[in-house]
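For reference, the structure is listed below as structure tokens.
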Amino acid sequence: MTNGSSDRLVAVLTAWVRDASAGARLPSTRALVAEHGVGPGTVQRALSVLAARGLVESRPGVGTFVRAQRAPQAVDYGWQVAALGAPRTDLRALPATMRTGAPDAIALHSGYPDPSLLPERLVRSAFVRAARQEAALQRPDATGLPELRSWFAAELAATVPDDVAPPTLKDVLVVPGSQSGLVAVFRSLVPAGGVLLVESPTYWGALLAAKQAGVRAVPVAHGPDGPDVDALARAFAETGARAFYGQPTFANPTGTQWSPAVGQAVLDVVRQHGAFLVEDDWAHDFGIDADPRPLAARDDDGRVVYLRSLTKSVSPSVRVAAVVARGPVQERVRAVAGAEQLYVSGILQAATLDVVTQPGWAAHRRTLRQRLRDRRDLLLASLAEHAPLVEVASVPAGGLHVWVRLPDGTDVDAVARDCEAHGLLVAPGSGWFAAEPTGAFLRIGFAGPDPSAFGQAARILGERVASATP
Ligand SMILES: Cc1ncc(COP(=O)(O)O)c(C=O)c1O
């Protein structure tokens with residue numbers, strides 16, 4: 001049985017049901033098997049899909065019948081306007097990167113790797129094994145499975161120098177993805193209405209998380225090697241902020257890795273101002289020309305609150321991350337996160353632990369590095385050839401995207417819409433700025449589907465930018 005034959009049968013039967021009258025009996029399984037040349041399992045699967053969509057009902061021992069469909073009615077929700085009142089924050093629908101485009105579009109807008117870049121065999125077999133464990137049935141500890149917490153602690157501890165105490169299991173909280181970890185951390189560190197300093201540009205989701213946590217994101221300028229340290233010091237002095245959010249490793253969207261000197265200088269400034277550094281290590285597994293260098297490894301006084309996500313490297317469907325925080329802040333984050341998540345699905349944690357502790361995990365990461373490099377270089381070469389007006393801000397040493405700049409004055413939202421009308425999805429850069437964008441930027445992914453389409457994508461982008469250039 002394949003999904004393809006089952007999907008085709010679903011389509012045929014859906015059309016049949018739409019033309020039939022309510023109560024009509026569908027042909028028997030045997031008749032459907034004979035007519036469509038598929039197995040009985042495929043027929044059962046297709047009928048279950050139709051039943052789940054409310055199109056048919058099955059009466060055991062009698063047959064499957066068309067359900068009466070109610071005509072859709074217009075409902076007046078007008079009363080909700082007054083009851084909801086003005087929104088508490090200016091949160092809106094999710095940004096362009098989370099959209100599902102037309103199936104035939106070249107999708108370079110998304111932040112998620114194509115399934116072909118995931119450790120598919122490891123993930124599938126991990127789920128089979130996890131299904132047999134107690135974790136599939138029991139509520140896990142609210143802080144996470146101890147073995148998984150130990151794994152997160154040990155991964156970070158492996159990079160800790162001898163003169164710094166390594167993190168341990170008790171410093172780790174498992175969260176259902178870094179995004180919810182960010183909300184909990186921001187809420188824990190910054191008082192309501194207070195200031196959170198952020199790199200500029202920075203991850204749009206962090207800006208949303210700040211809004212969700214009720215804190216004000218104030219941007220700090222960024223250079224080729226990381227944040228502008230003098231600007232960071234000034235921002236701390238001017239705002240009295242107690243936390244700075246940054247991505248030292250292959251930042252989303254720029255791909256920048258902070259140099260060791262900038263990393264140390266940031267830690268020094270943060271320390272001078274009695275503040276925390278929130279380190280978002282979302283791209284730990286996506287090094288191309290460099291390896292990750294978590295700053296949390298140099299943390300000797302609980303200064304760094306570290307988030308490590310496995311969502312994109314294990315599977316976007318296995319949403320597991322960790323917050324590593326030492327001292328009273330761990331207790332604070334646990335309490336805030338607990339109020340929202342209670343605990344993270346045990347079977348997801350067990351499957352995640354299985355994947356990252358298999359010998360195949362290290363091998364997968366090595367191959368991934370080469371495959372990301374091939375894709376990145378192909379995209380850069382395609383842009384250089386077909387889109388001369390598109391300037392690559394810097395070659396990313398890791399991550400999943402390139403951050404490009406269009407000629408000043410270009411309306412990037414209009415270019416993105418125009419590209420979409422021509423079959424290409426890219427993400428306009430405005431979503432990555434806490435304040436006004438500092439230029440006309442786009443983020444273009446190289447980890448999405450079908451790298452053989454990069455040439456065509458670059459051609460579309462080159463033409464659309466040329467026609468939009470003021
Ligand atoms: C910088 C950064 N942090 C955090 C996240 C969210 O990670 P998760 O999927 O684990 O919630 C993303 C996802 O795109 C990201 O780019």
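For the structure tokens, the naming scheme is as follows: chains receive sequential letters (A, B, ...) according to their order of presentation, residues are indexed from 1 within each chain, and ligands are indexed from 1 in presentation order.
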
So which residues of range 217-411 of chain A fall under strand (DSSP E) by DSSP, listed as an NGL selection string? :A and (217-220 or 222-223 or 226-227 or 243-246 or 276-281 or 304-309 or 321-324 or 391-392 or 401-406)

Give the residues close to ligand 1, within 9 Å, counting only C-alpha atoms and all ligand atoms; write them as a VMD selection string. chain A and resid 97 110 to 112 175 to 182 202 to 206 246 to 247 250 to 253 280 to 283 307 to 312 316 319 to 322

Using DSSP on the backbone coordinates, identify the residues of range 204-423 of chain A assigned to helix (DSSP H, G or I); present them as a PyMOL selection string. chain A and resi 204-213+229-239+260-272+295-298+328-341+346-357+359-386+412-421

For Arg8 in chain A, list every protein, DNA or RNA residue within 12 Å, evaluated using only C-alpha atoms, and leave out those in the same chain fewer than 2 positions away; present the list as JSON, numbers by chain. {"A": [1, 2, 3, 4, 5, 6, 10, 11, 12, 13, 14, 15, 36, 37, 38, 42, 43, 45, 46, 47, 49]}

How many Å separate CA of Thr367 in chain A from CA of Thr254 in chain A?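 Taking CA of Thr367 in chain A and CA of Thr254 in chain A, their separation equals 23.1 Å.
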
List as number ranges by chain the protein and nucleic acid residues near range 396-399 of chain A, meaning an atom at most 6 Å away when only C-alpha atoms are counted, but skip any in the same chain fewer than 5 places from it. A: 250, 255, 283, 286-290

Report, in Å to a single decimal, how far apart CA of Ser200 in chain A and CA of Val220 in chain A are.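 According to the coordinates, CA of Val220 in chain A and CA of Ser200 in chain A are separated by 5.6 Å.
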
Leu380 in chain A: which residues within 12 Å, counting only C-alpha atoms, same-chain residues fewer than 2 positions away excluded, as a ChimeraX atom specification? /A:373-378,382-388,390-396,401-404,444-446,451,454-455,457-458

Counting only C-alpha atoms, the option among A:Ala363, A:Leu232, A:Ala416, A:Ala213 closest to Val336 in chain A: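 That would be A:Ala213, the residue with the smallest distance to Val336 in chain A.
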
Option closest in space to Val355 in chain A, from A:Ala447, A:Leu379, A:Val123, A:Leu406 [counting only C-alpha atoms]: A:Val123

Distance in Å - CA of Tyr306 in chain A versus CA of Pro294 in chain A: 8.5 Å

Need to verify the contact set: Ala243 in chain A, 6 Å, only C-alpha atoms, exclusion of same-chain residues closer than 2 positions in sequence. Can you return it as a list of chain:residue names? A:Leu196, A:Ala241, A:Ala275, A:Phe276, A:Leu277

Exercise: Ala235 in chain A partners within 9 Å, only C-alpha atoms, chain neighbours under 4 positions left out, as an MDAnalysis selection string: chainID A and resid 197 218:220 230:231 239:241

Take the residues from that selection and write them out as a PDB file, in the first residue's frame, keeping C-alpha atoms.
```
ATOM      1  CA  LEU A 197      18.336  44.264  24.215  1.00  0.00           C
ATOM      2  CA  VAL A 218      15.514  47.420  21.808  1.00  0.00           C
ATOM      3  CA  PRO A 219      17.899  46.825  18.885  1.00  0.00           C
ATOM      4  CA  VAL A 220      21.698  46.957  19.109  1.00  0.00           C
ATOM      5  CA  ASP A 230      30.366  49.791  22.272  1.00  0.00           C
ATOM      6  CA  ALA A 231      26.765  50.190  21.133  1.00  0.00           C
ATOM      7  CA  THR A 239      18.091  51.656  29.130  1.00  0.00           C
ATOM      8  CA  GLY A 240      19.105  49.968  32.389  1.00  0.00           C
ATOM      9  CA  ALA A 241      18.341  46.646  30.667  1.00  0.00           C
TER      10      ALA A 241
END
```
